[in-house]
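Colleague: Provided herewith is a single structure, encoded as structure tokens, for subsequent inquiry.
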Amino acid sequence: MSAKTVGIIGGRLYDPANGIEGEVRDVWIRDGSVVAPDEADRNGAMIIDAAGMNVMPGGVDLHSHIAGAKVNHGRKMCPEEHAAHKRSRLEGGRSGAGFTVPTPYMTGCMYAEMGYTTVMEAACAPLVARHSHEELEDMPFLDRGMLITMGNNEFLFDCIAKGEMELARDFIAWTLKAARGYGIKVVNPGGVENWKSSRSNVGSWDQDVYGFGITPGKILETLTWAADSLGLPHGVHLHGLNLGTTESAEHTLRSVREASGRLHLTHLQFMSYGKDKKGRFANRTQELADAVNANSNVTFDVGQIVFGPATTMTSDGPFQYNLGRMTGHKWFGGDEENETGGGIVPIRYSRKNKVNALQWVTGLELFLLAKDPWRVFLTTDHPNAGPFFCYPQVINLLMDRSYRMEVLETLPESVRKRTILGEIKREYSLGEIVTITRAAPARVLGLVKKGHLGPGADGDVAIFHPADDGCRQPKCRSANGCKRKMDFPRWVIKGGEIIVKNGKAAGEIHGKTLHVAPPFDASVEKVIREHFGKYYTVSFDNYPVQDCYLPSKEEVPCR
Amino acid sequence: MKNMDSVVCTFCGCLCDDIKVSSKDDGTIEIKGACANGKGHMEEYDPSPVSPAFRGEPVSWDKAIGEAASILKNARSPLFYGLSSTASEAQRKCVALGDRIGAVIDTTSSVCHGPTGIAMQTFGEPTCSLGEAMNRADFLLFWGCNPMIAHSRHFTRYSLMPKGRFVPEGRKGRRAVLVDVRETPSAKAVDRFLRVKQGCDYEVLSALRALVQGKSMEAAEVGGISREELVSLAEEMKGCRYGVAFFGMGLTMTSGKDLNVGQYFNLVRDLNAHTRFSVIAMRGHGNVAGADAVLTWQTGYPFAVSLAGGVPVYGPGEFTAVDMLARHEADAALIVASDPKAHFPAEAVAWLDAIPHIVVDPAFPLTARGATVYLPGAQYGVDAEGTYYRMDGVPVRTRAFRERHRPTDEEIFDRLLEEVSR
Amino acid sequence: MAEKENSRNCVLITGRTQAQTKGMHLGKTGDFYANAVSVAVMHPEMFKTMGVEVGCTLRLRSDSGEISVRSESDPGMPADMVFVPMGPVANRLVGPDTGGCGMPSFKGIRVEVTPE
């Protein structure tokens with residue numbers, strides 16, 4: 001259904017970016033963008049009666065593995081997982097399958113049915129970016145972008161080793177354009193290269209990257225500087241060192257203290273670990289929250305664990321190998337020439353497992369200890385810590401302490417005793433939830449038309465009736481005490497078009513790919529061409545993603 | 001005279017993209033840099049417009065599309081098969097068509113690397129892109145494959161010969177071992193050839209795994225290979241810096257099939273406890289990796305998918321084409337960019353001949369002989385652009401160096417979709 | 001299968017050859033292809049054992065069917081194995097049973113080889 005003008009009347013508006021929290025206000029959309037009420041032409045407008053409902057911008061997920069080579073390998077590898085989670089074409093549109101890794105069509109529908117309208121693919125190697133763009137074309141409803149992995153790129157390593165910073169920056173700009181990416185993703189910088197070259201890793205920011213004579217610290221510094229120097233809308237996006245180990249918090253703390261520019265720490269939960277006095281696996285959430293609270297350049301998304309199945313998939317080759325070895329589960333490993341690596345291991349988070357229980361507690365502590373909701377974002381690092389469609393469960397855990405305590409009580413006593421979660425009284429307000437799921441991620445991504453509903457914003461709106469909270473069957477087989485909030489939007493509007501009615505996606509609207517195109521010195525192409533000639537197995541001329549892969553796109557300007 | 005560089009050859013899974021094509025004013029073309037297989041694939045295709053056919057007689061496109069749509073609409077159990085030599089843009093539309101009418105969709109994987117997919121789903125797969133072999137591999141293992149014949153530039157462009165960042169000496173910096181039942185031209189090109197007894201790959205791989213895991217071996221030989229050879233091979237693999245294992249039909253088609261591949265994958269996984277090692281399946285067709293990828297992202301499964309009930313259901317052995325045909329469970333077929341009448345067991349071919357079947361192919365394959373409807377599209381990589389996925393999953397856009405006079409496969413499926421939806 | 005005089009029980013493998021591939025490009029309905037896929041290859045010693053000349057016509061019979069093709073020799077082949085290029089001729093010997101995985105047994109088929 002489409003109308004030139006849409007009026008959302010009488011709802012309680014939550015628009016924290018514009019200082020509005022729950023006031024009854026109308027929202028008017030004309031030709032896909034929000035307009036001031038006095039500029040709306042009400043003749044022939046479609047009116048949505050939102051009385052008694054909460055009206056907010058469409059959700060913005062800044063980190064989710066939704067499309068591309070790695071995701072698809074994860075999908076292919078676990079057919080047993082799709083069996084009970086399918087979408088029938090008889091519902092309208094396309095059929096689909098998948099629980100922790102739903103097919104792109106299902107992913108688009110399920111995000112929309114949760115009130116989300118913009119999602120950022122978390123990690124894509126430029127060599128296979130074309131694949132991600134193809135999958136995104138088959139994903140309806142969502143505006144999207146891609147973060148491009150660069151932290152183990154050998155051309156960059158050569159630049160850093162020779163101190164050629166301008167060349168590094170031009171190469172990064174060239175690569176972002178070639179991949180039609182949105183931002184710079186850094187994963188275990190230097191560690192993946194060490195894994196490929198010498199079956200080792202990096203343990204600290206000062207360690208040597210084998211064969212290049214540089215350090216992870218230098219890699220991060222260069223990429224941080226480049227993101228800021230190029231004026232990219234989003235700063236460097238970091239999956240740091242020692243993920244999931246008791247070494248992680250120490251090195252994360254250092255990266256926060258020494259951050260030389262904008263720094264986004266992704267799935268911070270996985271990076272928050274240390275040892276307690278008895279040498280046991282413990283978290284250091286208070287220290288991390290304090291460190292982030294003290295540095296306004298730093299933001300983080302949590303990567304909250306959801307009990308149940310998950311599929312770990314990252315570019316962190318050594319981590320994924322070790323996880324495969326530790327669990328004995330099937331392991332997919334993928335080294336990509338000159339650029340990155342990675343792996344996939346399916347796992348299950350169990351309440352009875354002390355480590356998993358601690359991980360669950362850790363994520364929530366990070367949410368609750370963070371002082372500034374503008375710098376903390378809700379994710380499950382889908383599908384690494386849990387499926388994205390479990391966000392409503394996480395929202396409920398944050399807003400309702402009694403539910404939180406109810407789940408906490410089911411965890412092993414030793415974990416409950418060792419952590420502070422039980423003592424935290426804080427409950428997120430709806431305004432704060434809207435901040436961490438919409439306004440704040442949009443802001444840190446530099447998407448000035450997303451995450452708010454002031455004039456000029458994209459007409460992306462989600463409308464929930466409080467009475468509908470938790471009324472829908474959760475998507476998973478074993479609901480097992482899952483209680484949800486904001487899981488059933490009455491309406492979702494995308495660019496002024498209705499895409500969800502009464503919780504059900506309908507229609508075939510396709511979103512646009514958001515990308516950046518920072519300028520670079522054209523002479524860099526000669527140097528890059530030589531690099532391709534020596535070290536790549538595809539031709540330089542065939543590498544950049546052509547226009548035809550982005551039938552609908554929007555270039556987001558650099559500053 | 002027009003020159004085009006970085007042309008992509010779409011014949012096999014190597015997807016070489018450094019081909020140079022010169023188009024002369026008299027219409028002839030000169031292809032430089034491709035192997036004989038690729039050259040033949042690109043030269044022998046005539047892009048002149050060809051009429052579609054209905055029951056062997058030339059008809060208009062409208063008539064042919066109409067008849068094809070009618071077959072699909074009236075079928076109770078339509079089987080789609082092939083997809084491996086067409087672009088992903090067409091594959092996606094074909095799967096959409098299958099979704100619309102509730103077809104079973106299978107790709108050439110089922111008679112090629114389907115067992116590899118099954119092994120991956122059971123055990124995982126430690127893999128890499130071809131450039132990692134070129135840049136890092138100081139040890140190569142080839143098992144049950146014959147690259148000189150089937151992937152003719154593999155040795156020179158990707159694996160055995162090229163100089164890489166960490167293998168600057170090229171061939172001299174590498175050791176290569178090939179295991180096969182017979183000594184092929186490929187076996188003669190490597191450093192060591194080990195002859196395995198037919199049907200004994202699983203046993204030999206099991207022995208190698210045990211040796212890599214540090215166990216000792218009592219038997220004097222396994223599968224025709226001596227203990228000394230096996231111990232030496234295990235040591236050499238453990239001691240390399242980065243190994244890449246390639247494999248082909250010698251594992252997937254021989255007794256054991258997916259279990260053979262599973263052992264190969266597990267051997268590579270075991271080796272990662274000592275050094276770095278990856279495995280790459282030698283995908284045959286130019287875009288079978290794409291068919292795999294597209295079917296997976298559209299249905300959740302890489303081949304053997306039934307959409308008959310409205311939701312995707314996976315069933316190797318049940319929804320694979322040879323089985324469906326041999327058991328007479330398909331009552332109509334759409335064969336795309338493949339040639340089952342050439343490559344399927346005779347009993348399966350007999351049923352295909354007995355049911356209404358539609359062929360979409362730029363050439364006239366054996367399957368088109370006796371087909372009810374023949375729809376000749378353009379050939380991606382020659383007169384049409386489209387996306388192909390290399391054996392290691394790297395996606396490349398093909399170029400067109402000849403003028404197009406025919407609809408693309410994508411356009412054909414668009415029309416079929418429109419027609420069946422009436 | 002009982003061995004007749006001059007017959008040998010062999011294992012059949014099928015696969016690619018350069019000629020078979022070239023034939024595909026020239027057109028599978030043409031003579032080049034038909035010729036390329038109609039050949040059985042064995043080790044030279046096999047011909048001696050069977051008392052026949054390389055180039056003779058051999059009949060191959062499996063549980064699924066039989067073919068008659070010309071022969072060639074290849075010293076790279078092991079004993080008691082015969083190679084026929086993949087294609088419609090070889091496929092008369094290949095059964096449709098896939099053992100539940102979708103893949104017929106294109107390699108490792110028991111055949112009786114008899115000179116004609």
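Simple scheme: letters A, B, ... for chains in structure tokens order, numbers from 1 for residues in each chain, numbers from 1 for ligands in the order shown.
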If you run DSSP over the backbone, which residues in segment 226-348 of chain B end up strand (DSSP E)? Put them as a ChimeraX atom specification.

Modeller: /B:226,242-247,276-281,305-306,313-314,332-336

Colleague: Take the residues just selected and output them with N, CA and C atoms as a short mmCIF file (atom, residue, chain, number, x, y, z; two decimals), in the first residue's frame.

Modeller:
data_model
loop_
_atom_site.label_atom_id
_atom_site.label_comp_id
_atom_site.auth_asym_id
_atom_site.auth_seq_id
_atom_site.Cartn_x
_atom_site.Cartn_y
_atom_site.Cartn_z
N SER B 226 52.44 -48.15 0.35
CA SER B 226 53.24 -48.75 1.42
C SER B 226 53.24 -47.89 2.67
N TYR B 242 52.53 -24.08 4.73
CA TYR B 242 51.12 -23.92 4.38
C TYR B 242 50.81 -24.90 3.28
N GLY B 243 49.93 -25.83 3.55
CA GLY B 243 49.58 -26.84 2.56
C GLY B 243 48.20 -26.59 1.99
N VAL B 244 48.03 -26.91 0.71
CA VAL B 244 46.68 -26.85 0.14
C VAL B 244 46.40 -28.19 -0.52
N ALA B 245 45.26 -28.76 -0.19
CA ALA B 245 44.83 -30.04 -0.73
C ALA B 245 43.71 -29.80 -1.72
N PHE B 246 43.87 -30.32 -2.92
CA PHE B 246 42.82 -30.24 -3.93
C PHE B 246 42.25 -31.65 -4.16
N PHE B 247 41.04 -31.72 -4.65
CA PHE B 247 40.48 -33.04 -4.91
C PHE B 247 39.33 -32.96 -5.91
N ARG B 276 49.48 -25.01 8.97
CA ARG B 276 48.31 -24.48 8.31
C ARG B 276 48.06 -25.28 7.05
N PHE B 277 46.80 -25.67 6.88
CA PHE B 277 46.43 -26.49 5.74
C PHE B 277 45.01 -26.18 5.35
N SER B 278 44.75 -26.08 4.08
CA SER B 278 43.40 -25.81 3.58
C SER B 278 43.07 -26.78 2.45
N VAL B 279 41.79 -26.88 2.14
CA VAL B 279 41.35 -27.78 1.07
C VAL B 279 40.44 -27.02 0.11
N ILE B 280 40.60 -27.27 -1.18
CA ILE B 280 39.74 -26.64 -2.19
C ILE B 280 39.21 -27.72 -3.12
N ALA B 281 37.89 -27.77 -3.27
CA ALA B 281 37.27 -28.71 -4.21
C ALA B 281 37.43 -28.18 -5.63
N VAL B 305 16.74 -29.74 -3.49
CA VAL B 305 15.75 -29.02 -2.68
C VAL B 305 14.37 -29.19 -3.29
N SER B 306 13.41 -29.56 -2.47
CA SER B 306 12.04 -29.59 -2.95
C SER B 306 11.28 -28.39 -2.43
N VAL B 313 12.64 -28.08 1.37
CA VAL B 313 12.97 -29.33 2.06
C VAL B 313 14.20 -29.92 1.38
N TYR B 314 15.17 -30.33 2.16
CA TYR B 314 16.44 -30.80 1.63
C TYR B 314 16.44 -32.32 1.58
N ALA B 332 7.82 -33.74 -15.29
CA ALA B 332 8.25 -32.71 -16.25
C ALA B 332 9.60 -32.23 -15.77
N ALA B 333 10.39 -31.70 -16.71
CA ALA B 333 11.72 -31.24 -16.30
C ALA B 333 12.11 -29.96 -17.02
N LEU B 334 12.86 -29.12 -16.32
CA LEU B 334 13.48 -27.93 -16.91
C LEU B 334 14.98 -28.10 -16.74
N ILE B 335 15.67 -28.26 -17.85
CA ILE B 335 17.12 -28.52 -17.80
C ILE B 335 17.84 -27.26 -18.23
N VAL B 336 18.66 -26.74 -17.36
CA VAL B 336 19.30 -25.45 -17.59
C VAL B 336 20.82 -25.60 -17.62
#

Colleague: Within 6 Å of chain C, which residues of chain B show up when using only C-alpha atoms, listed as JSON, numbers by chain?

Modeller: {"B": [40, 41, 44, 110, 111, 149, 182, 183, 253, 254, 316, 317, 320, 342, 343, 345, 346, 365, 366]}

Colleague: Those same residues, written as a PDB file, in the first residue's frame with N, CA and C atoms?

Modeller:
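What landed in out02.pdb:
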ATOM      1  N   GLY B  40      38.211 -23.356 -26.723  1.00  0.00           N
ATOM      2  CA  GLY B  40      37.134 -24.051 -27.446  1.00  0.00           C
ATOM      3  C   GLY B  40      35.766 -23.557 -27.000  1.00  0.00           C
ATOM      4  N   HIS B  41      35.616 -23.405 -25.704  1.00  0.00           N
ATOM      5  CA  HIS B  41      34.337 -22.953 -25.137  1.00  0.00           C
ATOM      6  C   HIS B  41      33.955 -21.585 -25.671  1.00  0.00           C
ATOM      7  N   GLU B  44      33.930 -21.760 -30.080  1.00  0.00           N
ATOM      8  CA  GLU B  44      32.984 -22.595 -30.830  1.00  0.00           C
ATOM      9  C   GLU B  44      31.539 -22.138 -30.698  1.00  0.00           C
ATOM     10  N   SER B 110      24.986 -32.580  -7.843  1.00  0.00           N
ATOM     11  CA  SER B 110      24.591 -33.913  -7.380  1.00  0.00           C
ATOM     12  C   SER B 110      25.403 -35.014  -8.074  1.00  0.00           C
ATOM     13  N   VAL B 111      25.929 -34.720  -9.292  1.00  0.00           N
ATOM     14  CA  VAL B 111      26.778 -35.725  -9.935  1.00  0.00           C
ATOM     15  C   VAL B 111      28.224 -35.246 -10.009  1.00  0.00           C
ATOM     16  N   ILE B 149      43.989 -31.941 -17.420  1.00  0.00           N
ATOM     17  CA  ILE B 149      42.932 -32.193 -18.400  1.00  0.00           C
ATOM     18  C   ILE B 149      41.691 -31.356 -18.116  1.00  0.00           C
ATOM     19  N   ARG B 182      45.343 -44.110 -11.356  1.00  0.00           N
ATOM     20  CA  ARG B 182      46.135 -44.273 -12.576  1.00  0.00           C
ATOM     21  C   ARG B 182      47.086 -43.092 -12.706  1.00  0.00           C
ATOM     22  N   GLU B 183      48.162 -43.328 -13.459  1.00  0.00           N
ATOM     23  CA  GLU B 183      49.149 -42.263 -13.613  1.00  0.00           C
ATOM     24  C   GLU B 183      48.750 -41.387 -14.797  1.00  0.00           C
ATOM     25  N   MET B 253      33.114 -39.720  -6.595  1.00  0.00           N
ATOM     26  CA  MET B 253      32.369 -40.691  -7.396  1.00  0.00           C
ATOM     27  C   MET B 253      32.670 -42.131  -7.017  1.00  0.00           C
ATOM     28  N   THR B 254      33.667 -42.311  -6.207  1.00  0.00           N
ATOM     29  CA  THR B 254      34.108 -43.653  -5.843  1.00  0.00           C
ATOM     30  C   THR B 254      33.425 -44.092  -4.563  1.00  0.00           C
ATOM     31  N   PRO B 316      19.148 -35.001  -0.356  1.00  0.00           N
ATOM     32  CA  PRO B 316      20.015 -35.754  -1.260  1.00  0.00           C
ATOM     33  C   PRO B 316      19.572 -37.211  -1.265  1.00  0.00           C
ATOM     34  N   GLY B 317      19.504 -37.789  -2.435  1.00  0.00           N
ATOM     35  CA  GLY B 317      19.017 -39.164  -2.530  1.00  0.00           C
ATOM     36  C   GLY B 317      17.526 -39.197  -2.795  1.00  0.00           C
ATOM     37  N   THR B 320      17.487 -35.490  -5.494  1.00  0.00           N
ATOM     38  CA  THR B 320      18.541 -35.366  -6.486  1.00  0.00           C
ATOM     39  C   THR B 320      18.014 -35.891  -7.812  1.00  0.00           C
ATOM     40  N   ALA B 342      23.777 -36.557 -21.633  1.00  0.00           N
ATOM     41  CA  ALA B 342      25.162 -36.985 -21.846  1.00  0.00           C
ATOM     42  C   ALA B 342      25.754 -37.567 -20.571  1.00  0.00           C
ATOM     43  N   HIS B 343      25.345 -37.063 -19.419  1.00  0.00           N
ATOM     44  CA  HIS B 343      26.095 -37.336 -18.194  1.00  0.00           C
ATOM     45  C   HIS B 343      25.356 -38.130 -17.130  1.00  0.00           C
ATOM     46  N   PRO B 345      23.219 -41.652 -15.785  1.00  0.00           N
ATOM     47  CA  PRO B 345      23.052 -43.071 -16.116  1.00  0.00           C
ATOM     48  C   PRO B 345      21.891 -43.257 -17.087  1.00  0.00           C
ATOM     49  N   ALA B 346      22.024 -44.241 -17.956  1.00  0.00           N
ATOM     50  CA  ALA B 346      21.065 -44.429 -19.050  1.00  0.00           C
ATOM     51  C   ALA B 346      19.619 -44.544 -18.564  1.00  0.00           C
ATOM     52  N   PRO B 365      22.838 -28.984 -26.660  1.00  0.00           N
ATOM     53  CA  PRO B 365      23.393 -30.154 -25.985  1.00  0.00           C
ATOM     54  C   PRO B 365      22.622 -31.407 -26.379  1.00  0.00           C
ATOM     55  N   LEU B 366      23.126 -32.544 -25.998  1.00  0.00           N
ATOM     56  CA  LEU B 366      22.415 -33.797 -26.280  1.00  0.00           C
ATOM     57  C   LEU B 366      20.998 -33.749 -25.721  1.00  0.00           C
TER      58      LEU B 366
END

Colleague: Determine which residues of segment 27-115 of chain C DSSP labels as helix (DSSP H, G or I) from the backbone of this structure, then write them out as a list in words.

Modeller: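 Filtering segment 27-115 of chain C to helix (DSSP H, G or I) leaves Asp31, Phe32, Tyr33, Ala34, Asn35, Ala36, Pro44, Glu45, Met46, Phe47, Lys48, Thr49, Met50, Ala90, Asn91 and Arg92 of chain C.
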
Colleague: Produce a file of the selected residues containing N, CA and C atoms, as a tab-separated table (two decimals), in the first residue's frame.

Modeller:
chain	number	residue	atom	x	y	z
C	31	ASP	N	30.12	-35.89	-34.81
C	31	ASP	CA	30.90	-37.13	-34.88
C	31	ASP	C	32.14	-37.11	-33.99
C	32	PHE	N	32.74	-35.91	-33.89
C	32	PHE	CA	33.98	-35.83	-33.09
C	32	PHE	C	33.69	-36.29	-31.67
C	33	TYR	N	32.60	-35.76	-31.13
C	33	TYR	CA	32.25	-36.12	-29.74
C	33	TYR	C	31.92	-37.59	-29.64
C	34	ALA	N	31.09	-38.06	-30.55
C	34	ALA	CA	30.68	-39.47	-30.51
C	34	ALA	C	31.90	-40.38	-30.52
C	35	ASN	N	32.86	-40.02	-31.34
C	35	ASN	CA	34.08	-40.80	-31.42
C	35	ASN	C	34.90	-40.71	-30.14
C	36	ALA	N	34.96	-39.47	-29.61
C	36	ALA	CA	35.79	-39.25	-28.42
C	36	ALA	C	35.30	-40.02	-27.21
C	44	PRO	N	48.70	-51.62	-21.51
C	44	PRO	CA	49.13	-52.47	-22.63
C	44	PRO	C	49.21	-53.96	-22.26
C	45	GLU	N	49.62	-54.27	-21.05
C	45	GLU	CA	49.73	-55.67	-20.62
C	45	GLU	C	48.39	-56.39	-20.67
C	46	MET	N	47.33	-55.66	-20.43
C	46	MET	CA	45.99	-56.26	-20.44
C	46	MET	C	45.69	-56.85	-21.82
C	47	PHE	N	46.09	-56.09	-22.86
C	47	PHE	CA	45.83	-56.58	-24.22
C	47	PHE	C	46.60	-57.87	-24.45
C	48	LYS	N	47.85	-57.87	-23.98
C	48	LYS	CA	48.67	-59.08	-24.14
C	48	LYS	C	48.02	-60.25	-23.42
C	49	THR	N	47.60	-60.01	-22.18
C	49	THR	CA	46.98	-61.07	-21.39
C	49	THR	C	45.74	-61.63	-22.08
C	50	MET	N	44.99	-60.71	-22.71
C	50	MET	CA	43.77	-61.17	-23.36
C	50	MET	C	44.03	-61.66	-24.78
C	90	ALA	N	29.54	-44.46	-21.91
C	90	ALA	CA	29.89	-45.00	-20.59
C	90	ALA	C	28.66	-45.14	-19.71
C	91	ASN	N	27.74	-44.20	-19.85
C	91	ASN	CA	26.59	-44.19	-18.94
C	91	ASN	C	25.62	-45.33	-19.17
C	92	ARG	N	25.81	-46.08	-20.25
C	92	ARG	CA	24.99	-47.28	-20.41
C	92	ARG	C	25.44	-48.34	-19.40

Colleague: What does the structure give for the distance between atom CA of Arg490 of chain A and atom CA of Gly507 of chain A, in Å to one decimal?

Modeller: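 It comes out at 15.6 Å.
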
Colleague: Given only C-alpha atoms as the basis, pick out the residue of A:Phe270, A:Tyr543, A:Trp225, A:Tyr391 nearest to Glu247 of chain A.

Modeller: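 Smallest separation from Glu247 of chain A among the options: A:Phe270.
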
Colleague: I'd like the contact shell of segment 308-315 of chain A - 9 Å cut-off, only C-alpha atoms, skipping same-chain residues fewer than 5 positions apart - returned as a PyMOL selection string.

Modeller: chain A and resi 65+70-71+74+78+81+99-101+123-125+149+187-188+192+320+334-335+340-351+382-387+476+478

Colleague: Quick one: write out the picked residues with C-alpha atoms as a PDB file, in the first residue's frame?

Modeller:
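Okay, this is what ended up in result.pdb:
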ATOM      1  CA  HIS A  65      26.105 -10.830   9.785  1.00  0.00           C
ATOM      2  CA  LYS A  70      30.804 -16.208   5.220  1.00  0.00           C
ATOM      3  CA  VAL A  71      27.138 -16.027   6.114  1.00  0.00           C
ATOM      4  CA  GLY A  74      27.314 -20.878   7.649  1.00  0.00           C
ATOM      5  CA  CYS A  78      24.033 -26.289   9.090  1.00  0.00           C
ATOM      6  CA  GLU A  81      19.182 -26.136  11.832  1.00  0.00           C
ATOM      7  CA  PHE A  99      17.024 -20.263  12.359  1.00  0.00           C
ATOM      8  CA  THR A 100      20.311 -18.705  13.369  1.00  0.00           C
ATOM      9  CA  VAL A 101      21.106 -18.015   9.707  1.00  0.00           C
ATOM     10  CA  ALA A 123      32.122  -7.765   7.955  1.00  0.00           C
ATOM     11  CA  CYS A 124      32.812  -8.284   4.289  1.00  0.00           C
ATOM     12  CA  ALA A 125      36.124  -8.995   2.590  1.00  0.00           C
ATOM     13  CA  THR A 149      37.417  -5.824   6.620  1.00  0.00           C
ATOM     14  CA  VAL A 187      39.170  -7.895  13.108  1.00  0.00           C
ATOM     15  CA  ASN A 188      42.048  -9.185  15.210  1.00  0.00           C
ATOM     16  CA  VAL A 192      44.681 -13.359  11.196  1.00  0.00           C
ATOM     17  CA  GLN A 320      37.320 -19.877  15.106  1.00  0.00           C
ATOM     18  CA  GLY A 334      38.215 -19.539   5.172  1.00  0.00           C
ATOM     19  CA  ASP A 335      41.474 -17.760   4.331  1.00  0.00           C
ATOM     20  CA  THR A 340      41.598 -11.637   5.718  1.00  0.00           C
ATOM     21  CA  GLY A 341      40.551 -15.034   7.022  1.00  0.00           C
ATOM     22  CA  GLY A 342      37.784 -16.383   9.162  1.00  0.00           C
ATOM     23  CA  GLY A 343      35.767 -19.327  10.253  1.00  0.00           C
ATOM     24  CA  ILE A 344      32.424 -20.676  11.321  1.00  0.00           C
ATOM     25  CA  VAL A 345      31.523 -22.989  14.220  1.00  0.00           C
ATOM     26  CA  PRO A 346      27.965 -23.735  15.363  1.00  0.00           C
ATOM     27  CA  ILE A 347      27.514 -23.667  19.143  1.00  0.00           C
ATOM     28  CA  ARG A 348      24.857 -23.625  21.791  1.00  0.00           C
ATOM     29  CA  TYR A 349      24.718 -21.305  24.783  1.00  0.00           C
ATOM     30  CA  SER A 350      23.423 -23.135  27.817  1.00  0.00           C
ATOM     31  CA  ARG A 351      22.274 -21.743  31.140  1.00  0.00           C
ATOM     32  CA  HIS A 382      23.933 -11.954  15.019  1.00  0.00           C
ATOM     33  CA  PRO A 383      24.316 -14.883  14.734  1.00  0.00           C
ATOM     34  CA  ASN A 384      27.397 -15.164  16.982  1.00  0.00           C
ATOM     35  CA  ALA A 385      25.822 -14.510  20.378  1.00  0.00           C
ATOM     36  CA  GLY A 386      22.259 -15.148  19.331  1.00  0.00           C
ATOM     37  CA  PRO A 387      19.762 -14.548  16.522  1.00  0.00           C
ATOM     38  CA  CYS A 476      12.382 -20.478  18.285  1.00  0.00           C
ATOM     39  CA  SER A 478      12.127 -23.883  22.751  1.00  0.00           C
TER      40      SER A 478
END

Colleague: Counting only C-alpha atoms, what is within 8 Å of Ala179 of chain A, bar same-chain residues fewer than 6 positions away, as a list in words?

Modeller: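 Returned residues: Pro126, Leu127, Ala129, Arg130, Ile148, Pro544 and Val545 of chain A.
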
Colleague: Taking only C-alpha atoms into account, which residues of chain B are within 7 Å of chain A, as number ranges by chain?

Modeller: B: 6, 17-18, 99, 120-132, 135, 164-165, 275-276, 293, 296-302, 310-312, 394-397

Colleague: Please measure the separation of atom CA of Pro392 of chain A and atom CA of Arg262 of chain A, giving the value in Å to one decimal.

Modeller: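 Result for atom CA of Pro392 of chain A versus atom CA of Arg262 of chain A: 29.1 Å, one decimal.
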
Colleague: Which residues, written as a PyMOL selection string, have at least one atom at most 6 Å from Val322 of chain B, with only C-alpha atoms counted and residues fewer than 3 positions away on the same chain left out?

Modeller: chain B and resi 325-326+348

Colleague: Expressed in Å to a single decimal, how great is the separation between atom CA of Gly470 of chain A and atom CA of Cys109 of chain A?

Modeller: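 Separating atom CA of Gly470 of chain A from atom CA of Cys109 of chain A is a distance of 18.7 Å.
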
Colleague: Tell me, as a ChimeraX atom specification, which residues lie within 9 Å of Asn6 of chain C, counting only C-alpha atoms; anything in the same chain fewer than 5 positions away does not count.

Modeller: /C:49-52,113-115

Colleague: Emit the selected residues as a short mmCIF file (atom, residue, chain, number, x, y, z; two decimals), in the first residue's frame, including C-alpha atoms.

Modeller:
data_model
loop_
_atom_site.label_atom_id
_atom_site.label_comp_id
_atom_site.auth_asym_id
_atom_site.auth_seq_id
_atom_site.Cartn_x
_atom_site.Cartn_y
_atom_site.Cartn_z
CA THR C 49 46.98 -61.07 -21.39
CA MET C 50 43.77 -61.17 -23.36
CA GLY C 51 45.63 -62.03 -26.53
CA VAL C 52 44.35 -59.11 -28.57
CA VAL C 113 35.56 -56.98 -20.73
CA THR C 114 35.40 -59.24 -23.76
CA PRO C 115 37.16 -58.76 -27.08
#
